[in-house]
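**Student:** Contents are mmCIF, C-alpha atoms; file name target.cif:
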data_coords
#
loop_
_atom_site.label_atom_id
_atom_site.label_comp_id
_atom_site.auth_asym_id
_atom_site.auth_seq_id
_atom_site.Cartn_x
_atom_site.Cartn_y
_atom_site.Cartn_z
CA MET A 1050 111.75 112.83 112.19
CA PRO A 1051 113.02 112.03 115.72
CA LYS A 1052 116.23 109.98 115.81
CA ARG A 1053 115.12 107.04 117.98
CA TYR A 1054 115.04 104.52 115.11
CA GLU A 1055 117.38 106.30 112.71
CA SER A 1056 120.27 103.82 113.04
CA LEU A 1057 117.92 100.84 112.79
CA ILE A 1058 116.34 102.13 109.57
CA ALA A 1059 119.79 102.90 108.14
CA SER A 1060 120.86 99.33 108.87
CA LEU A 1061 117.78 97.88 107.13
CA LEU A 1062 118.35 100.09 104.11
CA LYS A 1063 121.81 98.56 103.68
CA ARG A 1064 120.67 94.96 104.02
CA PRO A 1065 118.03 92.80 105.72
CA ASN A 1066 118.78 91.93 109.36
CA SER A 1067 118.42 88.53 110.93
CA LEU A 1068 115.64 88.53 113.51
CA ASN A 1069 118.16 88.06 116.34
CA GLU A 1070 120.29 90.94 115.04
CA PHE A 1071 117.24 93.15 114.68
CA GLU A 1072 115.98 92.39 118.18
CA SER A 1073 119.44 93.01 119.63
CA LYS A 1074 119.63 96.44 117.98
CA LEU A 1075 116.12 97.22 119.15
CA CYS A 1076 117.04 96.38 122.74
CA GLN A 1077 120.10 98.61 122.50
CA ILE A 1078 117.83 101.47 121.46
CA GLY A 1079 115.51 100.73 124.38
CA GLY A 1080 118.32 100.92 126.92
CA LEU A 1081 119.60 98.87 129.83
CA PHE A 1082 116.24 97.94 131.36
CA THR A 1083 114.37 97.40 128.11
CA ASP A 1084 111.80 94.66 127.67
CA LYS A 1085 112.10 92.98 124.27
CA GLU A 1086 108.39 92.38 123.81
CA SER A 1087 107.58 96.00 124.69
CA GLU A 1088 110.16 97.29 122.22
CA LEU A 1089 108.77 95.05 119.47
CA GLU A 1090 105.29 96.38 120.17
CA LEU A 1091 106.56 99.98 120.07
CA ILE A 1092 108.26 99.57 116.70
CA LYS A 1093 105.24 97.71 115.34
CA ASN A 1094 103.16 100.81 116.10
CA SER A 1095 105.80 103.32 114.95
CA GLY A 1096 104.78 103.33 111.28
CA ILE A 1097 108.04 101.87 109.95
CA PRO A 1098 107.03 99.43 107.18
CA LEU A 1099 108.76 96.17 108.10
CA TRP A 1100 108.57 92.77 106.44
CA TYR A 1101 109.33 89.58 108.38
CA GLU A 1102 110.23 86.48 106.36
CA TYR A 1103 112.55 83.46 106.74
CA ASP A 1104 113.87 84.68 110.09
CA LYS A 1105 114.87 88.00 108.57
CA VAL A 1106 113.58 91.56 108.81
CA TYR A 1107 113.35 93.75 105.70
CA PHE A 1108 112.48 97.39 105.03
CA ARG A 1109 109.27 96.63 103.10
CA PRO A 1110 109.45 99.37 100.40
CA LYS A 1111 112.69 97.85 99.09
CA LEU A 1112 110.76 94.68 98.18
CA THR A 1113 107.33 96.04 97.34
CA GLU A 1114 106.24 96.76 93.77
CA LEU A 1115 104.80 100.23 93.21
CA SER A 1116 101.23 99.08 92.73
CA GLU A 1117 101.30 96.77 95.75
CA GLU A 1118 102.44 99.42 98.21
CA SER A 1119 100.02 101.09 100.61
CA TYR A 1120 99.98 104.89 100.24
CA CYS A 1121 98.08 107.20 102.56
CA ILE A 1122 97.40 110.58 100.95
CA ILE A 1123 96.82 113.12 103.70
CA ASP A 1124 95.84 116.72 104.21
CA ILE A 1125 95.07 118.67 107.36
CA GLU A 1126 93.58 122.01 108.30
CA THR A 1127 94.89 123.62 111.47
CA ASN A 1128 94.20 126.64 113.66
CA GLY A 1129 97.78 127.85 113.20
CA HIS A 1130 101.22 126.82 111.96
CA ASP A 1131 103.04 125.84 115.16
CA PRO A 1132 102.25 122.30 116.41
CA LYS A 1133 103.57 123.24 119.86
CA ILE A 1134 100.69 125.66 120.42
CA HIS A 1135 98.23 124.91 117.60
CA GLN A 1136 96.30 121.80 116.58
CA PRO A 1137 94.63 120.10 113.62
CA ILE A 1138 90.96 121.04 113.22
CA GLU A 1139 90.30 118.68 110.31
CA ILE A 1140 92.10 115.56 109.05
CA GLY A 1141 91.45 113.93 105.68
CA ALA A 1142 93.18 110.81 104.35
CA ILE A 1143 92.82 108.35 101.48
CA LEU A 1144 94.31 104.86 101.50
CA TYR A 1145 95.43 104.04 97.94
CA GLN A 1146 96.72 100.64 96.84
CA LYS A 1147 96.64 98.46 93.71
CA GLY A 1148 95.43 101.41 91.64
CA LYS A 1149 92.32 101.90 93.75
CA VAL A 1150 91.07 103.93 96.69
CA GLN A 1151 90.70 101.31 99.42
CA LYS A 1152 89.08 103.55 102.06
CA THR A 1153 88.91 107.14 103.24
CA PHE A 1154 89.18 108.91 106.59
CA SER A 1155 87.74 112.30 107.47
CA THR A 1156 87.11 113.98 110.79
CA PHE A 1157 86.73 117.38 112.35
CA VAL A 1158 88.66 117.87 115.58
CA PHE A 1159 87.23 119.76 118.53
CA CYS A 1160 89.02 123.06 119.09
CA GLU A 1161 88.29 125.81 121.59
CA TYR A 1162 89.56 128.65 119.39
CA ILE A 1163 89.75 129.24 115.63
CA PRO A 1164 91.16 132.57 114.38
CA GLN A 1165 88.92 134.45 111.99
CA SER A 1166 91.62 134.24 109.30
CA ILE A 1167 91.47 130.42 109.45
CA THR A 1168 87.67 130.44 109.17
CA GLU A 1169 87.91 132.75 106.15
CA LEU A 1170 90.50 130.46 104.52
CA THR A 1171 88.89 127.09 105.22
CA GLY A 1172 85.25 127.89 105.88
CA ILE A 1173 85.52 125.94 109.15
CA SER A 1174 83.81 127.79 112.00
CA GLN A 1175 83.74 127.32 115.75
CA GLU A 1176 80.13 126.17 115.47
CA MET A 1177 81.09 123.36 113.08
CA LEU A 1178 83.50 121.87 115.64
CA LYS A 1179 81.31 121.97 118.75
CA ASP A 1180 80.34 118.27 118.49
CA ALA A 1181 83.61 117.07 116.91
CA PRO A 1182 85.65 114.34 118.64
CA PRO A 1183 88.35 115.50 121.10
CA ILE A 1184 91.86 115.69 119.71
CA HIS A 1185 93.21 112.55 121.41
CA GLN A 1186 90.33 110.50 119.95
CA ALA A 1187 90.73 111.95 116.45
CA LEU A 1188 94.52 111.42 116.48
CA GLU A 1189 94.22 107.83 117.69
CA ALA A 1190 91.71 107.02 114.93
CA PHE A 1191 93.97 108.63 112.33
CA LYS A 1192 97.06 106.72 113.48
CA LEU A 1193 95.18 103.43 113.26
CA PHE A 1194 94.02 104.36 109.74
CA LEU A 1195 97.56 105.30 108.65
CA GLY A 1196 99.22 102.17 110.00
CA ASP A 1197 102.57 101.60 108.28
CA SER A 1198 101.53 103.10 104.93
CA ILE A 1199 103.74 105.59 103.12
CA PHE A 1200 102.69 109.07 104.25
CA VAL A 1201 101.97 111.13 101.11
CA ALA A 1202 101.07 114.83 101.08
CA HIS A 1203 101.50 118.01 99.08
CA ASN A 1204 104.27 119.78 101.04
CA VAL A 1205 104.58 116.67 103.20
CA LEU A 1206 106.99 118.24 105.70
CA PHE A 1207 104.22 120.41 107.16
CA ASP A 1208 101.49 117.76 107.43
CA PHE A 1209 103.84 115.03 108.67
CA SER A 1210 105.69 117.11 111.26
CA PHE A 1211 102.46 118.71 112.51
CA LEU A 1212 100.67 115.39 112.98
CA SER A 1213 103.74 113.61 114.33
CA ASN A 1214 104.32 116.28 116.96
CA SER A 1215 100.61 116.38 117.83
CA LEU A 1216 100.50 112.61 118.23
CA ASN A 1217 103.55 112.60 120.47
CA ARG A 1218 102.20 115.46 122.58
CA HIS A 1219 99.03 113.47 123.23
CA GLY A 1220 100.82 110.26 124.21
CA PHE A 1221 100.79 108.28 120.94
CA GLY A 1222 104.48 108.69 120.05
CA TYR A 1223 106.07 110.16 116.95
CA LEU A 1224 105.41 108.90 113.42
CA TYR A 1225 108.22 107.06 111.59
CA ASN A 1226 106.41 106.30 108.35
CA PRO A 1227 108.34 106.95 105.12
CA THR A 1228 107.20 110.24 103.61
CA LEU A 1229 106.62 111.22 100.00
CA CYS A 1230 105.99 114.80 98.87
CA THR A 1231 103.79 115.17 95.79
CA ILE A 1232 105.42 118.55 95.08
CA LYS A 1233 108.85 116.92 94.78
CA LEU A 1234 107.47 113.95 92.89
CA ALA A 1235 105.76 116.29 90.43
CA GLN A 1236 108.98 118.27 89.97
CA ALA A 1237 110.81 115.01 89.22
CA THR A 1238 108.28 113.73 86.67
CA PHE A 1239 106.88 116.68 84.69
CA SER A 1240 107.42 120.37 84.02
CA ALA A 1241 104.97 123.02 85.19
CA PRO A 1242 105.23 126.78 85.79
CA LYS A 1243 104.27 126.22 89.46
CA TYR A 1244 103.63 123.23 91.67
CA SER A 1245 101.15 124.50 94.26
CA LEU A 1246 98.06 122.38 94.87
CA ALA A 1247 95.72 125.05 93.54
CA PHE A 1248 97.79 125.59 90.39
CA LEU A 1249 98.17 121.88 89.57
CA ASN A 1250 94.46 121.40 90.21
CA GLU A 1251 93.87 123.63 87.17
CA PHE A 1252 97.03 122.82 85.19
CA LEU A 1253 96.36 119.07 85.15
CA GLY A 1254 92.65 119.52 84.50
CA ILE A 1255 91.56 118.05 87.84
CA TYR A 1256 89.20 120.97 88.55
CA HIS A 1257 88.28 119.74 92.00
CA SER A 1258 86.76 122.05 94.60
CA PRO A 1259 86.59 123.27 97.28
CA LEU A 1260 90.22 123.72 98.25
CA HIS A 1261 91.39 124.26 101.85
CA ARG A 1262 89.29 121.40 103.19
CA ALA A 1263 91.23 118.35 104.31
CA LEU A 1264 89.61 115.43 102.49
CA GLU A 1265 88.93 117.48 99.35
CA ASP A 1266 92.56 118.61 99.18
CA SER A 1267 93.77 115.04 99.71
CA LYS A 1268 91.64 114.06 96.68
CA VAL A 1269 93.49 116.63 94.57
CA ALA A 1270 96.84 115.40 95.92
CA LEU A 1271 95.83 111.84 94.99
CA GLU A 1272 95.08 112.87 91.40
CA ILE A 1273 98.47 114.58 91.20
CA PHE A 1274 100.10 111.45 92.63
CA LYS A 1275 98.33 109.23 90.05
CA TYR A 1276 99.40 111.56 87.23
CA CYS A 1277 103.03 111.38 88.44
CA LEU A 1278 102.90 107.57 88.47
CA LYS A 1279 102.08 107.65 84.75
CA LYS A 1280 105.18 109.76 84.09
CA LEU A 1281 107.72 107.68 86.00
CA PRO A 1282 111.05 106.70 84.44
CA LYS A 1283 111.21 103.05 83.41
CA ASN A 1284 113.77 102.21 86.11
CA ILE A 1285 111.31 102.90 88.96
CA HIS A 1286 109.95 99.54 90.11
CA THR A 1287 109.60 99.46 93.90
CA SER A 1288 108.06 101.91 96.32
CA TYR A 1289 111.59 102.55 97.62
CA ASP A 1290 112.62 103.61 94.09
CA LEU A 1291 109.70 106.03 94.19
CA LEU A 1292 110.78 107.45 97.55
CA GLN A 1293 114.27 107.97 96.19
CA LEU A 1294 112.94 109.66 93.06
CA ALA A 1295 111.07 112.22 95.17
CA SER A 1296 113.95 112.80 97.58
CA SER A 1297 115.72 116.14 97.87
CA GLN A 1298 119.06 114.56 96.94
CA PHE A 1299 117.71 113.23 93.66
CA LEU A 1300 116.00 116.51 92.79
CA LYS A 1301 119.17 118.48 93.44
CA GLY A 1302 121.06 116.33 90.93
CA TYR A 1303 118.13 116.23 88.52
CA LYS A 1304 117.77 120.01 88.45
CA LYS A 1305 121.53 120.39 87.97
CA GLN A 1306 121.44 117.99 84.99
CA ARG A 1307 118.44 119.79 83.51
CA LYS A 1308 120.20 123.15 83.93
CA THR A 1309 123.34 121.75 82.25
CA ARG A 1310 121.32 120.34 79.35
CA SER A 1311 119.59 123.69 78.86
CA LYS A 1312 122.91 125.51 78.95
CA ASN A 1313 124.43 123.11 76.38
CA ALA A 1314 121.40 123.52 74.12
CA ILE A 1315 121.76 127.31 74.23
CA GLN A 1316 125.47 127.05 73.42
CA LYS A 1317 124.72 124.87 70.38
CA LEU A 1318 122.26 127.45 69.09
CA SER A 1319 124.69 130.32 69.55
#
For the structure just supplied, provide its representation as structure tokens.
**Tutor:**
Amino acid sequence: MPKRYESLIASLLKRPNSLNEFESKLCQIGGLFTDKESELELIKNSGIPLWYEYDKVYFRPKLTELSEESYCIIDIETNGHDPKIHQPIEIGAILYQKGKVQKTFSTFVFCEYIPQSITELTGISQEMLKDAPPIHQALEAFKLFLGDSIFVAHNVLFDFSFLSNSLNRHGFGYLYNPTLCTIKLAQATFSAPKYSLAFLNEFLGIYHSPLHRALEDSKVALEIFKYCLKKLPKNIHTSYDLLQLASSQFLKGYKKQRKTRSKNAIQKLS
């Protein structure tokens, strides 16, 4: 994630800010000739989930119960792996809240060139994209759909960084939504030999196909996400708790504890 709002988010994570304090910090980020209203509009469209109440500004996930939070489960297909030179060719997303799918988003993206290897993997051909919306139109529609939801994906770093960089390159700015990786969440909530999308599709009895298509893969990721929610520790109440559970820092400590427990169990048997 770019660092523009890093200090502001860190401040909100420590405590809510008064509206005056928040606006002052926002103007400092904007620079000497900043316009307050413009900066407020920019952060409103950044994807950071904010909550305004009683003249204070809160980081919404710290107050929002798990079931009340808005999660956007996303998958993309691309014509390569480098967002600087490649682009999304299909975007699929599912808005999930209150235990239900609220709405879905799916679009092809016009692309002048698709390598044969990508067509073989995804089944998406040049012919299929000839009438697809141009990339700036598809990205704008996606960003409006995403809003300030939590960005959820299987291997979220790839999907998030690819879309964020693509959006910025086409004039829509970077994404600042909180991110949640269903691989890390799965690792934190249940044991499996592997955690790839294809493996968990079979392992959890989802049996959804085809894979390597954006909306279809986001449906599998949603089922994995729902399964993880059923396995959460009892001390996970807010969406911020959930984000922490799936963080790298938590997993590092969790895996260390699990390794220590296994080692102690072996020592007892010996």
**Student:** Given the choices A:Pro1242, A:Pro1137, A:Pro1282, A:Gly1148, which gets closest to Ser1116 (chain A) if the distance is worked out from only C-alpha atoms?
**Tutor:**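 The closest residue to Ser1116 (chain A) is A:Gly1148.
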**Student:** Grab the CA of Arg1053 (chain A) to CA of Gly1079 (chain A) distance for me, in Å with one decimal place.
**Tutor:**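 One can read the CA of Arg1053 (chain A) to CA of Gly1079 (chain A) distance as 9.0 Å.
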**Student:** Could you tell me how far CA of Glu1117 (chain A) sits from CA of Phe1071 (chain A), in Å to one decimal place?
**Tutor:** 25.0 Å
**Student:** Measuring between all atoms listed in the file, which one of A:Ser1267, A:Ser1258, A:Gln1236, A:Gln1175 shows the shortest distance to Asp1124 (chain A)?
**Tutor:**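 Selected residue with least distance to Asp1124 (chain A): A:Ser1267.
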**Student:** May I ask which of the residues A:Gln1136, A:Leu1062, A:Ile1078, A:Ile1143 is the closest one to Lys1268 (chain A), counting all atoms listed in the file?
**Tutor:**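 The shortest atom-to-atom distance to Lys1268 (chain A) comes from A:Ile1143.
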**Student:** Could you please determine the separation between CA of Ile1167 (chain A) and CA of Gly1129 (chain A) in Å, to one decimal place?
**Tutor:**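 Separation between CA of Ile1167 (chain A) and CA of Gly1129 (chain A): 7.8 Å.
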**Student:** Which residues are near Glu1086 (chain A)? Cut-off 10 Å, only C-alpha atoms, ignore same chain within fewer than 5 positions. Put them as JSON, numbers by chain.
**Tutor:** {"A": [1072, 1076, 1091]}
**Student:** Do you know which residues the PyMOL selection byres ((chain A and resi 1095-1107) around 12) returns on this file, as a PyMOL selection string?
**Tutor:** chain A and resi 1050-1051+1053-1055+1057-1072+1088-1094+1108-1113+1118-1121+1192-1200+1213+1216-1217+1221-1228+1288-1289
**Student:** Between A:Ile1140, A:Ala1263, A:Leu1115, A:Ala1295, which is the closest to Ile1232 (chain A) once you count all atoms listed in the file?
**Tutor:**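 Looking only at the distances to Ile1232 (chain A), the closest residue turns out to be A:Ala1295.
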**Student:** Which residues are close to Leu1278 (chain A), i.e. within 10 Å by only C-alpha atoms, leaving aside same-chain residues fewer than 4 positions away? Reply as a list in words.
**Tutor:**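 Returned residues: Leu1115, Ser1116, Leu1234, Ala1235, Thr1238, Glu1272, Ile1273, Phe1274, Pro1282, Ile1285 and Leu1291 of chain A.
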**Student:** Evaluate the PyMOL selection byres ((chain A and resi 1160) around 8) on the structure here and hand back the selected residues as a PyMOL selection string.
**Tutor:** chain A and resi 1136+1138+1158-1159+1161-1163+1175+1178-1179+1183-1184
**Student:** Within 12 Å of Leu1260 (chain A), counting all atoms listed in the file, which residues qualify if same-chain residues fewer than 4 places away don't, as an MDAnalysis selection string?
**Tutor:** chainID A and resid 1124:1126 1170:1172 1245:1251 1255:1256 1264:1270
**Student:** Using all atoms listed in the file, find the one residue out of A:Phe1157, A:Phe1082, A:Tyr1276, A:Phe1211 that sits nearest to Gln1186 (chain A).
**Tutor:**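 Of the candidates, the smallest distance to Gln1186 (chain A) is held by A:Phe1157.
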